[in-house]
Amino acid sequence: KQWYQRRVAITAGGVLHSSFVNLESSDFTSTSPFPHDQPNTLDSLSLIYENCALFSDIYLRYPDMTESLYRKFKWADFSDLIKKSIQFCSESKEVFNSKNEHGKLLNLVMQELQLIPKTPNYQNPYRKVLPTPKQKTDKKREKKKLPRGPYISKVKTEL
């Protein structure tokens with residue numbers, strides 16, 4: 001799973017970077033009106049929305065693995081790019097508002113990445129919670145006492 005996740009992250013990072021370059025060249029911001037008549041800007045905008053949603057879903061479903069990848073490969077540029085795309089999407093109220101599923105997903109991933117403070121009832125159901133170690137009891141296992149004396153062994157018959 002880690003190689004797959006790493007490959008997806010590299011591909012999504014490249015797409016996000018090129019899409020942001022296209023948006024900046026067309027002077028589009030997150031608060032600008034939706035670009036219905038500009039196909040290149042619309043394509044870049046949809047790629048940012050799609051890759052941000054993809055990363056958010058991966059991060060929420062596999063948080064332990066994704067965090068270990070960050071620590072292992074130290075993707076500072078990628079994490080900055082992801083934070084930039086999440087911030088961009090959160091400012092785009094037309095698509096990502098708090099009433100629809102996209103806005104809820106974005107809110108959860110922002111809490112998971114600690115971009116906003118976590119709500120008191122926040123819990124990621126996919127995060128592994130380490131169980132508390134069982135306390136050892138002082139009870140000794142009682143050994144089963146075998147009867148002493150001679151006994152008849154089982155008869156083995158071979159055919």
# chains A, B, ... in the order shown; residues from 1 in each chain; ligands from 1

call {"tool": "residues_around", "arguments": {"residues": "segment 85-90 of chain A", "least_positions_apart": "2", "cutoff": "12 Å", "atoms": "only C-alpha atoms", "output": "compact mmCIF listing (two decimals) with all heavy atoms, in the first residue's frame"}}
result
# COMPACT_ATOMS: atom_id res chain seq x y z
N ALA A 12 -0.43 13.31 -7.81
CA ALA A 12 -1.34 14.38 -7.41
C ALA A 12 -0.58 15.67 -7.15
O ALA A 12 -1.07 16.76 -7.48
CB ALA A 12 -2.11 13.97 -6.16
N GLY A 13 0.62 15.57 -6.60
CA GLY A 13 1.43 16.76 -6.37
C GLY A 13 1.79 17.46 -7.66
O GLY A 13 1.73 18.69 -7.76
N VAL A 15 0.13 17.30 -10.53
CA VAL A 15 -1.09 17.86 -11.10
C VAL A 15 -1.49 19.14 -10.36
O VAL A 15 -1.86 20.14 -10.98
CB VAL A 15 -2.23 16.82 -11.06
CG1 VAL A 15 -3.57 17.44 -11.40
CG2 VAL A 15 -1.93 15.67 -12.00
N LEU A 16 -1.39 19.11 -9.02
CA LEU A 16 -1.74 20.30 -8.25
C LEU A 16 -0.82 21.47 -8.58
O LEU A 16 -1.28 22.60 -8.74
CB LEU A 16 -1.68 20.00 -6.75
CG LEU A 16 -2.84 19.21 -6.18
CD1 LEU A 16 -2.56 18.83 -4.73
CD2 LEU A 16 -4.13 19.99 -6.27
N HIS A 17 0.46 21.18 -8.70
CA HIS A 17 1.42 22.25 -8.98
C HIS A 17 1.13 22.89 -10.34
O HIS A 17 1.06 24.12 -10.46
CB HIS A 17 2.85 21.71 -8.95
CG HIS A 17 3.88 22.74 -9.24
ND1 HIS A 17 4.17 23.75 -8.36
CD2 HIS A 17 4.67 22.94 -10.33
CE1 HIS A 17 5.10 24.53 -8.88
NE2 HIS A 17 5.43 24.05 -10.08
N SER A 19 -1.65 22.86 -11.99
CA SER A 19 -2.96 23.52 -11.97
C SER A 19 -2.89 24.87 -11.29
O SER A 19 -3.52 25.84 -11.74
CB SER A 19 -3.99 22.63 -11.27
OG SER A 19 -4.15 21.43 -11.96
N PHE A 20 -2.12 24.96 -10.20
CA PHE A 20 -1.97 26.25 -9.53
C PHE A 20 -1.23 27.25 -10.42
O PHE A 20 -1.54 28.43 -10.43
CB PHE A 20 -1.25 26.10 -8.18
CG PHE A 20 -2.18 25.79 -7.05
CD1 PHE A 20 -2.08 24.61 -6.36
CD2 PHE A 20 -3.17 26.68 -6.67
CE1 PHE A 20 -2.93 24.31 -5.32
CE2 PHE A 20 -4.04 26.40 -5.64
CZ PHE A 20 -3.92 25.22 -4.96
N LEU A 23 -3.78 28.53 -12.85
CA LEU A 23 -4.73 29.46 -12.23
C LEU A 23 -4.08 30.82 -11.96
O LEU A 23 -4.70 31.87 -12.14
CB LEU A 23 -5.29 28.89 -10.93
CG LEU A 23 -6.33 27.79 -11.06
CD1 LEU A 23 -6.81 27.36 -9.69
CD2 LEU A 23 -7.49 28.22 -11.92
N PHE A 28 -6.84 33.93 -11.46
CA PHE A 28 -8.01 33.38 -10.78
C PHE A 28 -7.66 33.16 -9.32
O PHE A 28 -6.60 32.63 -8.99
CB PHE A 28 -8.44 32.06 -11.43
CG PHE A 28 -9.70 31.50 -10.85
CD1 PHE A 28 -10.93 31.92 -11.31
CD2 PHE A 28 -9.65 30.56 -9.84
CE1 PHE A 28 -12.10 31.41 -10.78
CE2 PHE A 28 -10.81 30.04 -9.29
CZ PHE A 28 -12.04 30.47 -9.77
N THR A 29 -8.55 33.57 -8.42
CA THR A 29 -8.38 33.32 -6.99
C THR A 29 -9.54 32.47 -6.49
O THR A 29 -10.52 32.26 -7.21
CB THR A 29 -8.32 34.64 -6.20
OG1 THR A 29 -9.58 35.31 -6.34
CG2 THR A 29 -7.19 35.54 -6.68
N SER A 30 -9.43 32.02 -5.26
CA SER A 30 -10.47 31.16 -4.71
C SER A 30 -11.79 31.89 -4.52
O SER A 30 -12.85 31.27 -4.47
CB SER A 30 -10.01 30.56 -3.40
OG SER A 30 -9.72 31.59 -2.48
N THR A 31 -11.74 33.20 -4.41
CA THR A 31 -12.97 33.97 -4.21
C THR A 31 -13.53 34.53 -5.52
O THR A 31 -14.55 35.19 -5.51
CB THR A 31 -12.71 35.13 -3.24
OG1 THR A 31 -11.62 35.92 -3.74
CG2 THR A 31 -12.36 34.61 -1.85
N SER A 32 -12.86 34.25 -6.64
CA SER A 32 -13.35 34.71 -7.94
C SER A 32 -14.62 33.95 -8.32
O SER A 32 -14.84 32.82 -7.87
CB SER A 32 -12.30 34.47 -9.02
OG SER A 32 -11.12 35.17 -8.75
N SER A 44 -8.23 23.49 -14.78
CA SER A 44 -7.28 23.57 -13.66
C SER A 44 -8.01 23.58 -12.32
O SER A 44 -7.59 22.92 -11.37
CB SER A 44 -6.42 24.83 -13.78
OG SER A 44 -5.65 24.79 -14.95
N LEU A 45 -9.10 24.30 -12.28
CA LEU A 45 -9.89 24.37 -11.05
C LEU A 45 -10.47 23.00 -10.69
O LEU A 45 -10.41 22.58 -9.52
CB LEU A 45 -11.01 25.40 -11.23
CG LEU A 45 -11.85 25.73 -10.01
CD1 LEU A 45 -10.98 26.33 -8.92
CD2 LEU A 45 -12.96 26.68 -10.40
N SER A 46 -11.00 22.30 -11.68
CA SER A 46 -11.56 20.98 -11.39
C SER A 46 -10.47 19.98 -10.98
O SER A 46 -10.71 19.13 -10.12
CB SER A 46 -12.34 20.45 -12.60
OG SER A 46 -11.47 20.23 -13.68
N LEU A 47 -9.28 20.09 -11.55
CA LEU A 47 -8.18 19.21 -11.14
C LEU A 47 -7.77 19.47 -9.70
O LEU A 47 -7.46 18.53 -8.94
CB LEU A 47 -6.98 19.37 -12.07
CG LEU A 47 -7.13 18.75 -13.46
CD1 LEU A 47 -5.96 19.14 -14.35
CD2 LEU A 47 -7.25 17.24 -13.36
N ILE A 48 -7.76 20.73 -9.29
CA ILE A 48 -7.43 21.05 -7.90
C ILE A 48 -8.50 20.49 -6.98
O ILE A 48 -8.19 19.85 -5.96
CB ILE A 48 -7.28 22.58 -7.72
CG1 ILE A 48 -6.00 23.05 -8.40
CG2 ILE A 48 -7.25 22.95 -6.23
CD1 ILE A 48 -5.81 24.54 -8.41
N TYR A 49 -9.76 20.68 -7.31
CA TYR A 49 -10.85 20.16 -6.48
C TYR A 49 -10.79 18.63 -6.39
O TYR A 49 -10.91 18.06 -5.31
CB TYR A 49 -12.21 20.57 -7.04
CG TYR A 49 -12.56 22.02 -6.87
CD1 TYR A 49 -13.55 22.59 -7.65
CD2 TYR A 49 -11.91 22.84 -5.96
CE1 TYR A 49 -13.90 23.93 -7.51
CE2 TYR A 49 -12.25 24.17 -5.81
CZ TYR A 49 -13.23 24.71 -6.58
OH TYR A 49 -13.58 26.02 -6.44
N GLU A 50 -10.59 17.96 -7.52
CA GLU A 50 -10.57 16.50 -7.52
C GLU A 50 -9.39 15.93 -6.75
O GLU A 50 -9.54 14.98 -5.97
CB GLU A 50 -10.53 15.99 -8.96
CG GLU A 50 -11.81 16.19 -9.72
CD GLU A 50 -11.66 15.93 -11.21
OE1 GLU A 50 -10.55 15.56 -11.64
OE2 GLU A 50 -12.65 16.10 -11.93
N ASN A 51 -8.20 16.49 -6.96
CA ASN A 51 -7.02 15.96 -6.27
C ASN A 51 -7.03 16.28 -4.78
O ASN A 51 -6.55 15.49 -3.97
CB ASN A 51 -5.74 16.48 -6.93
CG ASN A 51 -5.45 15.75 -8.20
OD1 ASN A 51 -5.21 14.56 -8.20
ND2 ASN A 51 -5.52 16.46 -9.32
N CYS A 52 -7.60 17.41 -4.43
CA CYS A 52 -7.74 17.73 -3.01
C CYS A 52 -8.70 16.75 -2.34
O CYS A 52 -8.44 16.26 -1.24
CB CYS A 52 -8.22 19.17 -2.85
SG CYS A 52 -8.34 19.71 -1.15
N ALA A 53 -9.80 16.44 -3.02
CA ALA A 53 -10.76 15.48 -2.47
C ALA A 53 -10.15 14.08 -2.40
O ALA A 53 -10.36 13.35 -1.42
CB ALA A 53 -12.03 15.46 -3.32
N LEU A 54 -9.37 13.71 -3.41
CA LEU A 54 -8.71 12.40 -3.41
C LEU A 54 -7.72 12.30 -2.25
O LEU A 54 -7.72 11.32 -1.49
CB LEU A 54 -7.98 12.17 -4.73
CG LEU A 54 -7.10 10.93 -4.80
CD1 LEU A 54 -7.95 9.67 -4.78
CD2 LEU A 54 -6.22 10.95 -6.04
N PHE A 55 -6.88 13.32 -2.09
CA PHE A 55 -5.92 13.28 -1.00
C PHE A 55 -6.64 13.27 0.35
O PHE A 55 -6.22 12.55 1.26
CB PHE A 55 -4.98 14.48 -1.06
CG PHE A 55 -4.09 14.55 0.14
CD1 PHE A 55 -2.99 13.72 0.23
CD2 PHE A 55 -4.37 15.40 1.19
CE1 PHE A 55 -2.19 13.74 1.35
CE2 PHE A 55 -3.57 15.43 2.30
CZ PHE A 55 -2.48 14.61 2.39
N SER A 56 -7.69 14.05 0.48
CA SER A 56 -8.42 14.10 1.74
C SER A 56 -8.99 12.74 2.09
O SER A 56 -8.91 12.30 3.24
CB SER A 56 -9.55 15.13 1.66
OG SER A 56 -9.04 16.40 1.41
N PHE A 78 5.46 18.90 -0.82
CA PHE A 78 4.15 18.29 -1.07
C PHE A 78 3.17 18.69 0.02
O PHE A 78 2.02 19.01 -0.27
CB PHE A 78 4.27 16.78 -1.15
CG PHE A 78 2.97 16.09 -1.40
CD1 PHE A 78 2.35 16.20 -2.62
CD2 PHE A 78 2.36 15.36 -0.41
CE1 PHE A 78 1.13 15.58 -2.86
CE2 PHE A 78 1.15 14.74 -0.63
CZ PHE A 78 0.54 14.85 -1.86
N SER A 79 3.60 18.69 1.27
CA SER A 79 2.67 19.04 2.34
C SER A 79 2.27 20.51 2.23
O SER A 79 1.11 20.85 2.50
CB SER A 79 3.28 18.74 3.71
OG SER A 79 4.40 19.55 3.94
N ASP A 80 3.19 21.39 1.82
CA ASP A 80 2.82 22.79 1.61
C ASP A 80 1.81 22.92 0.47
O ASP A 80 0.87 23.71 0.54
CB ASP A 80 4.06 23.63 1.31
CG ASP A 80 4.97 23.78 2.52
OD1 ASP A 80 4.50 23.54 3.65
OD2 ASP A 80 6.14 24.14 2.32
N LEU A 81 2.01 22.14 -0.58
CA LEU A 81 1.10 22.16 -1.72
C LEU A 81 -0.29 21.64 -1.33
O LEU A 81 -1.31 22.21 -1.74
CB LEU A 81 1.68 21.34 -2.86
CG LEU A 81 1.01 21.43 -4.21
CD1 LEU A 81 1.06 22.86 -4.73
CD2 LEU A 81 1.69 20.50 -5.20
N ILE A 82 -0.33 20.61 -0.52
CA ILE A 82 -1.61 20.06 -0.05
C ILE A 82 -2.31 21.07 0.84
O ILE A 82 -3.52 21.32 0.71
CB ILE A 82 -1.40 18.72 0.68
CG1 ILE A 82 -1.05 17.63 -0.31
CG2 ILE A 82 -2.62 18.33 1.49
CD1 ILE A 82 -2.13 17.32 -1.33
N LYS A 83 -1.56 21.69 1.74
CA LYS A 83 -2.17 22.70 2.62
C LYS A 83 -2.70 23.87 1.79
O LYS A 83 -3.77 24.41 2.08
CB LYS A 83 -1.16 23.18 3.65
CG LYS A 83 -0.87 22.14 4.71
CD LYS A 83 0.20 22.61 5.66
CE LYS A 83 0.55 21.51 6.64
NZ LYS A 83 1.63 21.89 7.55
N SER A 92 -13.31 28.40 -1.33
CA SER A 92 -14.27 28.30 -2.45
C SER A 92 -15.60 27.82 -1.89
O SER A 92 -15.89 26.64 -1.83
CB SER A 92 -13.77 27.32 -3.50
OG SER A 92 -12.51 27.69 -3.96
N LYS A 93 -16.43 28.74 -1.51
CA LYS A 93 -17.69 28.41 -0.83
C LYS A 93 -18.75 27.88 -1.79
O LYS A 93 -19.73 27.30 -1.35
CB LYS A 93 -18.24 29.65 -0.10
CG LYS A 93 -17.32 30.17 0.98
CD LYS A 93 -17.16 29.18 2.09
CE LYS A 93 -16.26 29.76 3.17
NZ LYS A 93 -15.90 28.79 4.17
N GLU A 94 -18.56 28.05 -3.10
CA GLU A 94 -19.57 27.56 -4.05
C GLU A 94 -19.61 26.03 -4.07
O GLU A 94 -20.66 25.44 -4.23
CB GLU A 94 -19.28 28.08 -5.45
CG GLU A 94 -19.50 29.57 -5.60
CD GLU A 94 -19.23 30.05 -7.02
OE1 GLU A 94 -19.03 29.21 -7.91
OE2 GLU A 94 -19.22 31.26 -7.22
N VAL A 95 -18.45 25.41 -3.94
CA VAL A 95 -18.38 23.95 -4.03
C VAL A 95 -18.26 23.33 -2.65
O VAL A 95 -18.94 22.35 -2.33
CB VAL A 95 -17.19 23.52 -4.92
CG1 VAL A 95 -17.08 22.02 -4.97
CG2 VAL A 95 -17.33 24.10 -6.31
N PHE A 96 -17.40 23.87 -1.83
CA PHE A 96 -17.10 23.28 -0.52
C PHE A 96 -17.74 24.10 0.60
O PHE A 96 -17.06 24.82 1.31
CB PHE A 96 -15.58 23.22 -0.30
CG PHE A 96 -14.88 22.28 -1.22
CD1 PHE A 96 -14.31 22.72 -2.39
CD2 PHE A 96 -14.79 20.94 -0.91
CE1 PHE A 96 -13.66 21.85 -3.24
CE2 PHE A 96 -14.14 20.06 -1.75
CZ PHE A 96 -13.58 20.51 -2.91
N ASN A 97 -19.04 23.98 0.77
CA ASN A 97 -19.65 24.63 1.92
C ASN A 97 -19.93 23.58 2.99
O ASN A 97 -19.87 22.38 2.74
CB ASN A 97 -20.93 25.40 1.52
CG ASN A 97 -21.97 24.51 0.89
OD1 ASN A 97 -22.09 23.34 1.23
ND2 ASN A 97 -22.73 25.07 -0.04
N SER A 98 -20.19 24.03 4.18
CA SER A 98 -20.30 23.11 5.32
C SER A 98 -21.56 22.25 5.28
O SER A 98 -21.69 21.32 6.07
CB SER A 98 -20.25 23.89 6.62
OG SER A 98 -21.34 24.80 6.67
N HIS A 102 -18.81 17.39 0.52
CA HIS A 102 -17.46 17.85 0.20
C HIS A 102 -16.93 18.77 1.30
O HIS A 102 -15.76 18.67 1.70
CB HIS A 102 -17.44 18.58 -1.14
CG HIS A 102 -18.00 17.79 -2.27
ND1 HIS A 102 -17.43 16.61 -2.69
CD2 HIS A 102 -19.08 18.00 -3.06
CE1 HIS A 102 -18.14 16.13 -3.69
NE2 HIS A 102 -19.14 16.94 -3.94
N GLY A 103 -17.78 19.64 1.78
CA GLY A 103 -17.38 20.54 2.85
C GLY A 103 -17.11 19.80 4.15
O GLY A 103 -16.18 20.13 4.89
N LYS A 104 -17.90 18.77 4.42
CA LYS A 104 -17.68 17.98 5.64
C LYS A 104 -16.36 17.21 5.55
O LYS A 104 -15.61 17.13 6.53
CB LYS A 104 -18.84 17.01 5.85
CG LYS A 104 -20.13 17.71 6.22
CD LYS A 104 -21.28 16.73 6.33
CE LYS A 104 -22.58 17.45 6.60
NZ LYS A 104 -23.74 16.55 6.60
N LEU A 105 -16.07 16.65 4.38
CA LEU A 105 -14.81 15.95 4.17
C LEU A 105 -13.63 16.90 4.35
O LEU A 105 -12.64 16.57 5.02
CB LEU A 105 -14.77 15.33 2.77
CG LEU A 105 -13.47 14.69 2.33
CD1 LEU A 105 -13.28 13.36 3.04
CD2 LEU A 105 -13.45 14.48 0.84
N LEU A 106 -13.74 18.08 3.79
CA LEU A 106 -12.67 19.07 3.90
C LEU A 106 -12.48 19.51 5.35
O LEU A 106 -11.35 19.66 5.81
CB LEU A 106 -13.00 20.27 3.00
CG LEU A 106 -11.86 21.21 2.71
CD1 LEU A 106 -10.77 20.49 1.93
CD2 LEU A 106 -12.36 22.40 1.92
N ASN A 107 -13.58 19.67 6.06
CA ASN A 107 -13.49 20.05 7.47
C ASN A 107 -12.80 18.96 8.29
O ASN A 107 -11.96 19.25 9.15
CB ASN A 107 -14.89 20.33 8.02
CG ASN A 107 -14.85 20.88 9.42
OD1 ASN A 107 -13.83 21.34 9.90
ND2 ASN A 107 -15.99 20.84 10.09
N LEU A 108 -13.13 17.70 8.02
CA LEU A 108 -12.50 16.60 8.75
C LEU A 108 -11.00 16.51 8.48
O LEU A 108 -10.20 16.30 9.39
CB LEU A 108 -13.17 15.27 8.38
CG LEU A 108 -14.58 15.06 8.90
CD1 LEU A 108 -15.15 13.77 8.35
CD2 LEU A 108 -14.60 15.06 10.41
N VAL A 109 -10.60 16.66 7.22
CA VAL A 109 -9.18 16.57 6.91
C VAL A 109 -8.42 17.77 7.45
O VAL A 109 -7.26 17.65 7.85
CB VAL A 109 -8.94 16.35 5.40
CG1 VAL A 109 -8.99 17.64 4.61
CG2 VAL A 109 -7.60 15.68 5.17
N MET A 110 -9.06 18.92 7.52
CA MET A 110 -8.41 20.09 8.12
C MET A 110 -8.18 19.87 9.61
O MET A 110 -7.14 20.25 10.16
CB MET A 110 -9.23 21.34 7.87
CG MET A 110 -9.17 21.83 6.43
SD MET A 110 -10.27 23.20 6.08
CE MET A 110 -9.39 24.53 6.88
N GLN A 111 -9.13 19.21 10.26
CA GLN A 111 -8.94 18.87 11.68
C GLN A 111 -7.85 17.83 11.84
O GLN A 111 -7.04 17.90 12.76
CB GLN A 111 -10.25 18.37 12.28
CG GLN A 111 -11.29 19.44 12.45
CD GLN A 111 -12.54 18.90 13.07
OE1 GLN A 111 -12.49 18.19 14.07
NE2 GLN A 111 -13.68 19.24 12.49
N LEU A 113 -5.28 17.27 9.88
CA LEU A 113 -3.97 17.88 9.61
C LEU A 113 -3.63 19.00 10.58
O LEU A 113 -2.59 19.62 10.47
CB LEU A 113 -3.94 18.43 8.18
CG LEU A 113 -3.87 17.41 7.07
CD1 LEU A 113 -4.08 18.07 5.72
CD2 LEU A 113 -2.54 16.68 7.09
N GLN A 114 -4.55 19.28 11.49
CA GLN A 114 -4.41 20.32 12.51
C GLN A 114 -4.26 21.70 11.89
O GLN A 114 -3.52 22.55 12.39
CB GLN A 114 -3.25 19.99 13.45
CG GLN A 114 -3.45 18.70 14.18
CD GLN A 114 -2.27 18.29 15.02
OE1 GLN A 114 -1.22 18.91 14.96
NE2 GLN A 114 -2.45 17.25 15.80
N LEU A 115 -4.97 21.93 10.79
CA LEU A 115 -5.02 23.26 10.20
C LEU A 115 -6.04 24.13 10.92
O LEU A 115 -5.93 25.35 10.92
CB LEU A 115 -5.37 23.17 8.71
CG LEU A 115 -4.38 22.41 7.83
CD1 LEU A 115 -4.91 22.31 6.41
CD2 LEU A 115 -3.03 23.08 7.85
N ILE A 116 -7.04 23.49 11.51
CA ILE A 116 -8.00 24.15 12.38
C ILE A 116 -8.07 23.35 13.67
O ILE A 116 -7.71 22.17 13.69
CB ILE A 116 -9.41 24.26 11.71
CG1 ILE A 116 -9.97 22.88 11.38
CG2 ILE A 116 -9.36 25.14 10.48
CD1 ILE A 116 -11.41 22.90 10.89

call {"tool": "select_by_dssp", "arguments": {"residues": "segment 46-127 of chain A", "states": "alpha helix (DSSP H)", "output": "number ranges by chain"}}
result
A: 46-61, 63-73, 76-91, 101-112

call {"tool": "closest_residue", "arguments": {"among": "A:Pro125, A:Thr11, A:Arg6, A:Asp37", "to": "Ser68 of chain A", "atoms": "only C-alpha atoms"}}
result
A:Arg6

call {"tool": "atom_distance", "arguments": {"atom1": "atom CA of Asp57 of chain A", "atom2": "atom CA of Glu91 of chain A"}}
result
18.8 Å
